[in-house]
Structures are given as C-alpha cells and as structure tokens.
Amino acid sequence: MLRSLFRSDMAEILELEEAMHVAPWTKETFEVCFRSGYIGWVLEANNRIIAFIIISLQREECHVLNLVVARQYQGKGHGRKLLEHALQYAKHHGIGIAYLEVRRSNTRAISLYRNLHFSMVGERKNYYPIVGGTEDALIFAKSLVDEFP
Ligand SMILES: CC(C)(COP(=O)(O)OP(=O)(O)OC[C@H]1O[C@@H](n2cnc3c(N)ncnc32)[C@H](O)[C@@H]1OP(=O)(O)O)[C@@H](O)C(=O)NCCC(=O)NCCS
C-alpha cells in the first residue's frame with residue numbers, strides 16, 4: 001500500500017535508512033525535512049514500511065532528496081513506483097523539472113533513473129564521504145513537461 005509519510009513513521013524510516021545507506025541521514029536530518037514541509041510517501045507490506053521517498057518542491061523544481069527500498073524488497077519495482085508517484089505529484093503541482101543526486105558507484109539507482117528518462121546534467125567532485133575517502137555525486141534531471149499526463 002502506498003500512503004503519505006508522517007512524522008510518526010520516524011522510527012521505521014530511520015531503521016530502513018540506517019540499514020540501506022552508506023552515510024545514512026540522522027534523525028535530525030529527517031526532523032528538518034518534516035519541519036520544512038517536505039513531502040514523502042511510503043510503501044507498506046504486512047503493516048511494515050518497506051520503502052520511502054522524500055521530495056521538496058521549490059519554485060519550479062522538484063528535488064528528490066531520499067529514496068530507499070528495503071533490501072529484501074528491491075528489484076520488484078517498488079523504487080520505480082514511488083519515484084513515478086512523486087514525479088506525478090510534482091507535475092500536478094505545476095513543477096516542470098526534477099533533480100536528484102546519486103553516488104557515482106550506485107549503479108542500481110542510476111539505472112532506475114535512466115529508465116525513467118533522467119539525464120545526467122552535472123557532477124560534484126568528492127561530494128559524498130565514504131570510508132577512507134570521498135565519492136563524486138552525479139546530478140540527474142528530468143523534464144516533467146511531456147510526461148505524466
Ligand atoms: C535504488 C533503489 C531505490 C531501487 O529500488 P528498487 O525497488 O530496487 O528498484 P526497482 O525494482 O523499482 O527497479 C527499477 C529499475 O532499477 C534497476 N534495478 C533494479 N534492480 C537492479 C539490480 N539488481 N541491478 C541493476 N539494476 C537494477 C533496473 O533498471 C530497474 O528497471 P526495470 O524495472 O526496467 O528492470 C534501491 O536499490 C535502494 O533502496 N537502494 C539503496 C538506497 C539507495 O541507493 N537509494 C538511492 C539514493 S540516490
């Protein structure tokens with residue numbers, strides 16, 4: 001089931017975040033998202049959150065800030081479903097373009113974004129901390145004008 005993300009989901013999404021990200025967001029980062037009015041959705045199975053997405057809508061732009069699918073549920077279309085839902089929501093709120101950032105090594109996420117017709121528009125060198133160094137961020141963008149009628 002797909003539904004909106006609420007502040008009361010904090011414990012579950014924090015658990016997912018910590019399990020799935022190399023440098024996970026902290027509880028404080030999620031608090032900032034809720035305080036800032038960012039928008040999110042979750043997917044549930046058996047009354048447990050198995051995936052979530054958080055976006056911000058600023059001026060004419062949608063920024064995809066976080067997207068996580070629990071390991072045992074990956075590769076089943078859940079990431080795609082959440083991302084498509086978020087982009088559709090943005091489009092229906094008059095947003096013309098979506099941006100996101102991804103680690104250069106995150107091939108799974110990058111193929112999802114390319115499948116949804118995101119194109120690489122830039123990069124930030126040494127942007128993400130990793131154990132023993134840093135990693136580049138790739139910036140992807142997608143026009144929402146022609147898709148999601
Ligand atoms: C990236 C992530 C959100 C993808 O979610 P997912 O539910 O596994 O992806 P989906 O099943 O919706 O797959 C969508 C596309 O992703 C790609 N993909 C999925 N599983 C893949 C795999 N094992 N290997 C390579 N590509 C894969 C495919 O291109 C797939 O397209 P298809 O449906 O046409 O085959 C998920 O792997 C994840 O949570 N990863 C850890 C957190 C993360 O990296 N988030 C993104 C930060 S930018």
# chains A, B, ... in the order shown; residues from 1 in each chain; ligands from 1
>>> residues_near_ligand(ligand="ligand 1", cutoff="8 Å", atoms="only C-alpha atoms and all ligand atoms", output="ChimeraX atom specification")
/A:17,20-21,51,65-71,73-81,100-103,106-115
>>> write_last_selection(atoms="C-alpha atoms", output="compact mmCIF listing (two decimals), in the first residue's frame")
# COMPACT_ATOMS: atom_id res chain seq x y z
CA GLU A 17 17.76 4.44 6.27
CA MET A 20 20.47 0.82 3.46
CA HIS A 21 22.70 3.90 3.15
CA ALA A 51 10.24 1.77 1.15
CA LEU A 65 16.03 14.02 -1.54
CA ASN A 66 15.87 10.40 -0.47
CA LEU A 67 14.63 7.08 -1.84
CA VAL A 68 15.10 3.77 -0.08
CA VAL A 69 13.72 0.27 -0.62
CA ALA A 70 14.41 -2.44 1.98
CA ARG A 71 16.95 -4.94 0.70
CA TYR A 73 12.06 -5.93 -1.48
CA GLN A 74 14.47 -4.49 -4.05
CA GLY A 75 14.24 -5.33 -7.74
CA LYS A 76 10.44 -5.68 -7.61
CA GLY A 77 9.51 -2.26 -8.98
CA HIS A 78 8.90 -0.54 -5.63
CA GLY A 79 11.56 2.15 -6.17
CA ARG A 80 10.18 2.90 -9.60
CA LYS A 81 6.61 3.06 -8.28
CA LEU A 100 18.39 14.34 -7.87
CA GLU A 101 21.91 13.45 -6.83
CA VAL A 102 23.40 9.99 -6.70
CA ARG A 103 26.76 8.41 -5.89
CA ASN A 106 25.27 3.45 -7.22
CA THR A 107 24.62 1.63 -10.49
CA ARG A 108 21.27 0.23 -9.39
CA ALA A 109 19.86 3.67 -8.62
CA ILE A 110 21.39 5.14 -11.77
CA SER A 111 19.75 2.52 -13.98
CA LEU A 112 16.40 3.25 -12.32
CA TYR A 113 16.83 6.96 -13.04
CA ARG A 114 17.91 6.37 -16.63
CA ASN A 115 14.94 4.05 -17.17
>>> select_by_dssp(residues="chain A", states="strand (DSSP E or B)", output="number ranges by chain")
A: 2-4, 39-45, 48-58, 61-69, 97-103, 119-130, 133-143
>>> atom_distance(atom1="atom CA of A:Gly122", atom2="atom CA of A:Tyr99")
10.6 Å
>>> residues_around(residues="stretch 42-47 of chain A", least_positions_apart="3", cutoff="8 Å", atoms="only C-alpha atoms", output="list in words")
Met1, Leu2, Arg3, Ser4, Leu5, Ile50, Ala51, Phe52, Ile53, His78 and Leu82 of chain A
>>> atom_distance(atom1="atom CA of A:Gly132", atom2="atom CA of A:Val22")
12.3 Å
>>> atom_distance(atom1="atom CA of A:Asp9", atom2="atom CA of A:Ile54")
12.5 Å
>>> select_by_dssp(residues="stretch 82-131 of chain A", states="helix (DSSP H, G or I)", output="list in words")
Leu82, Leu83, Glu84, His85, Ala86, Leu87, Gln88, Tyr89, Ala90, Lys91, His92, Thr107, Arg108, Ala109, Ile110, Ser111, Leu112, Tyr113, Arg114 and Asn115 of chain A
>>> closest_residue(among="A:Lys125, A:Ile55, A:Glu147, A:Glu31", to="A:His92", atoms="only C-alpha atoms")
A:Glu147
>>> residues_around(residues="A:Gln88", least_positions_apart="4", cutoff="10 Å", atoms="only C-alpha atoms", output="mmCIF file with C-alpha atoms, in the first residue's frame")
data_model
loop_
_atom_site.group_PDB
_atom_site.id
_atom_site.type_symbol
_atom_site.label_atom_id
_atom_site.label_comp_id
_atom_site.auth_asym_id
_atom_site.auth_seq_id
_atom_site.Cartn_x
_atom_site.Cartn_y
_atom_site.Cartn_z
ATOM 1 C CA LEU A 82 7.494 5.561 -5.529
ATOM 2 C CA LEU A 83 9.571 7.725 -7.839
ATOM 3 C CA GLU A 84 6.881 7.805 -10.528
ATOM 4 C CA HIS A 92 0.308 18.057 -10.909
ATOM 5 C CA HIS A 93 1.541 20.885 -8.674
ATOM 6 C CA ILE A 95 6.546 21.675 -11.362
ATOM 7 C CA LEU A 144 8.153 16.745 -16.291
ATOM 8 C CA GLU A 147 5.347 13.033 -19.242
ATOM 9 C CA PHE A 148 2.681 12.070 -16.746
ATOM 10 C CA PRO A 149 -0.470 13.404 -18.410
#
>>> residues_around(residues="A:Phe30", least_positions_apart="5", cutoff="9 Å", atoms="only C-alpha atoms", output="PyMOL selection string")
chain A and resi 7+10+14+25+35
>>> write_last_selection(atoms="C-alpha atoms", output="PDB file, in the first residue's frame")
ATOM      1  CA  ARG A   7       6.191  12.263  11.431  1.00  0.00           C
ATOM      2  CA  MET A  10      10.218   8.322  12.032  1.00  0.00           C
ATOM      3  CA  LEU A  14      15.281   5.741  10.378  1.00  0.00           C
ATOM      4  CA  TRP A  25      20.664  10.600   7.325  1.00  0.00           C
ATOM      5  CA  ARG A  35       9.765  20.922   9.795  1.00  0.00           C
TER       6      ARG A  35
END
>>> decode(residues="stretch 77-103 of chain A", atoms="N, CA and C atoms", output="PDB file, in the first residue's frame")
ATOM      1  N   GLY A  77      10.245  -3.403  -8.439  1.00  0.00           N
ATOM      2  CA  GLY A  77       9.506  -2.262  -8.980  1.00  0.00           C
ATOM      3  C   GLY A  77       9.036  -1.243  -7.950  1.00  0.00           C
ATOM      4  N   HIS A  78       9.385  -1.464  -6.663  1.00  0.00           N
ATOM      5  CA  HIS A  78       8.904  -0.536  -5.631  1.00  0.00           C
ATOM      6  C   HIS A  78       9.554   0.846  -5.746  1.00  0.00           C
ATOM      7  N   GLY A  79      10.865   0.869  -6.027  1.00  0.00           N
ATOM      8  CA  GLY A  79      11.556   2.151  -6.170  1.00  0.00           C
ATOM      9  C   GLY A  79      10.968   2.942  -7.323  1.00  0.00           C
ATOM     10  N   ARG A  80      10.756   2.251  -8.420  1.00  0.00           N
ATOM     11  CA  ARG A  80      10.175   2.901  -9.598  1.00  0.00           C
ATOM     12  C   ARG A  80       8.784   3.460  -9.288  1.00  0.00           C
ATOM     13  N   LYS A  81       7.984   2.653  -8.589  1.00  0.00           N
ATOM     14  CA  LYS A  81       6.610   3.058  -8.282  1.00  0.00           C
ATOM     15  C   LYS A  81       6.605   4.336  -7.430  1.00  0.00           C
ATOM     16  N   LEU A  82       7.439   4.377  -6.400  1.00  0.00           N
ATOM     17  CA  LEU A  82       7.494   5.561  -5.529  1.00  0.00           C
ATOM     18  C   LEU A  82       7.986   6.784  -6.288  1.00  0.00           C
ATOM     19  N   LEU A  83       9.011   6.587  -7.109  1.00  0.00           N
ATOM     20  CA  LEU A  83       9.571   7.725  -7.839  1.00  0.00           C
ATOM     21  C   LEU A  83       8.557   8.260  -8.853  1.00  0.00           C
ATOM     22  N   GLU A  84       7.894   7.363  -9.557  1.00  0.00           N
ATOM     23  CA  GLU A  84       6.881   7.805 -10.528  1.00  0.00           C
ATOM     24  C   GLU A  84       5.750   8.559  -9.819  1.00  0.00           C
ATOM     25  N   HIS A  85       5.355   8.050  -8.653  1.00  0.00           N
ATOM     26  CA  HIS A  85       4.271   8.708  -7.902  1.00  0.00           C
ATOM     27  C   HIS A  85       4.693  10.125  -7.512  1.00  0.00           C
ATOM     28  N   ALA A  86       5.933  10.262  -7.021  1.00  0.00           N
ATOM     29  CA  ALA A  86       6.427  11.575  -6.577  1.00  0.00           C
ATOM     30  C   ALA A  86       6.523  12.546  -7.759  1.00  0.00           C
ATOM     31  N   LEU A  87       6.990  12.058  -8.899  1.00  0.00           N
ATOM     32  CA  LEU A  87       7.141  12.929 -10.070  1.00  0.00           C
ATOM     33  C   LEU A  87       5.773  13.366 -10.594  1.00  0.00           C
ATOM     34  N   GLN A  88       4.835  12.439 -10.540  1.00  0.00           N
ATOM     35  CA  GLN A  88       3.469  12.751 -10.977  1.00  0.00           C
ATOM     36  C   GLN A  88       2.854  13.818 -10.065  1.00  0.00           C
ATOM     37  N   TYR A  89       3.076  13.659  -8.756  1.00  0.00           N
ATOM     38  CA  TYR A  89       2.569  14.644  -7.777  1.00  0.00           C
ATOM     39  C   TYR A  89       3.169  16.017  -8.085  1.00  0.00           C
ATOM     40  N   ALA A  90       4.492  16.049  -8.328  1.00  0.00           N
ATOM     41  CA  ALA A  90       5.170  17.320  -8.615  1.00  0.00           C
ATOM     42  C   ALA A  90       4.585  17.958  -9.866  1.00  0.00           C
ATOM     43  N   LYS A  91       4.409  17.139 -10.892  1.00  0.00           N
ATOM     44  CA  LYS A  91       3.869  17.669 -12.138  1.00  0.00           C
ATOM     45  C   LYS A  91       2.485  18.272 -11.918  1.00  0.00           C
ATOM     46  N   HIS A  92       1.668  17.569 -11.154  1.00  0.00           N
ATOM     47  CA  HIS A  92       0.308  18.057 -10.909  1.00  0.00           C
ATOM     48  C   HIS A  92       0.297  19.328 -10.053  1.00  0.00           C
ATOM     49  N   HIS A  93       1.429  19.638  -9.433  1.00  0.00           N
ATOM     50  CA  HIS A  93       1.541  20.885  -8.674  1.00  0.00           C
ATOM     51  C   HIS A  93       2.328  21.934  -9.459  1.00  0.00           C
ATOM     52  N   GLY A  94       2.368  21.760 -10.766  1.00  0.00           N
ATOM     53  CA  GLY A  94       2.925  22.798 -11.634  1.00  0.00           C
ATOM     54  C   GLY A  94       4.435  22.813 -11.758  1.00  0.00           C
ATOM     55  N   ILE A  95       5.079  21.726 -11.311  1.00  0.00           N
ATOM     56  CA  ILE A  95       6.546  21.675 -11.362  1.00  0.00           C
ATOM     57  C   ILE A  95       6.982  21.166 -12.730  1.00  0.00           C
ATOM     58  N   GLY A  96       8.015  21.812 -13.303  1.00  0.00           N
ATOM     59  CA  GLY A  96       8.432  21.458 -14.656  1.00  0.00           C
ATOM     60  C   GLY A  96       9.659  20.592 -14.749  1.00  0.00           C
ATOM     61  N   ILE A  97      10.428  20.491 -13.652  1.00  0.00           N
ATOM     62  CA  ILE A  97      11.680  19.724 -13.750  1.00  0.00           C
ATOM     63  C   ILE A  97      11.998  19.081 -12.402  1.00  0.00           C
ATOM     64  N   ALA A  98      12.606  17.897 -12.469  1.00  0.00           N
ATOM     65  CA  ALA A  98      13.011  17.182 -11.255  1.00  0.00           C
ATOM     66  C   ALA A  98      14.518  16.976 -11.271  1.00  0.00           C
ATOM     67  N   TYR A  99      15.125  17.133 -10.101  1.00  0.00           N
ATOM     68  CA  TYR A  99      16.568  16.918  -9.943  1.00  0.00           C
ATOM     69  C   TYR A  99      16.819  15.895  -8.853  1.00  0.00           C
ATOM     70  N   LEU A 100      17.931  15.201  -8.963  1.00  0.00           N
ATOM     71  CA  LEU A 100      18.385  14.344  -7.875  1.00  0.00           C
ATOM     72  C   LEU A 100      19.891  14.155  -7.978  1.00  0.00           C
ATOM     73  N   GLU A 101      20.471  13.735  -6.871  1.00  0.00           N
ATOM     74  CA  GLU A 101      21.910  13.454  -6.832  1.00  0.00           C
ATOM     75  C   GLU A 101      22.119  12.013  -6.426  1.00  0.00           C
ATOM     76  N   VAL A 102      23.153  11.399  -6.991  1.00  0.00           N
ATOM     77  CA  VAL A 102      23.400   9.989  -6.695  1.00  0.00           C
ATOM     78  C   VAL A 102      24.909   9.727  -6.713  1.00  0.00           C
ATOM     79  N   ARG A 103      25.342   8.796  -5.879  1.00  0.00           N
ATOM     80  CA  ARG A 103      26.759   8.414  -5.892  1.00  0.00           C
ATOM     81  C   ARG A 103      27.113   7.778  -7.227  1.00  0.00           C
TER      82      ARG A 103
END
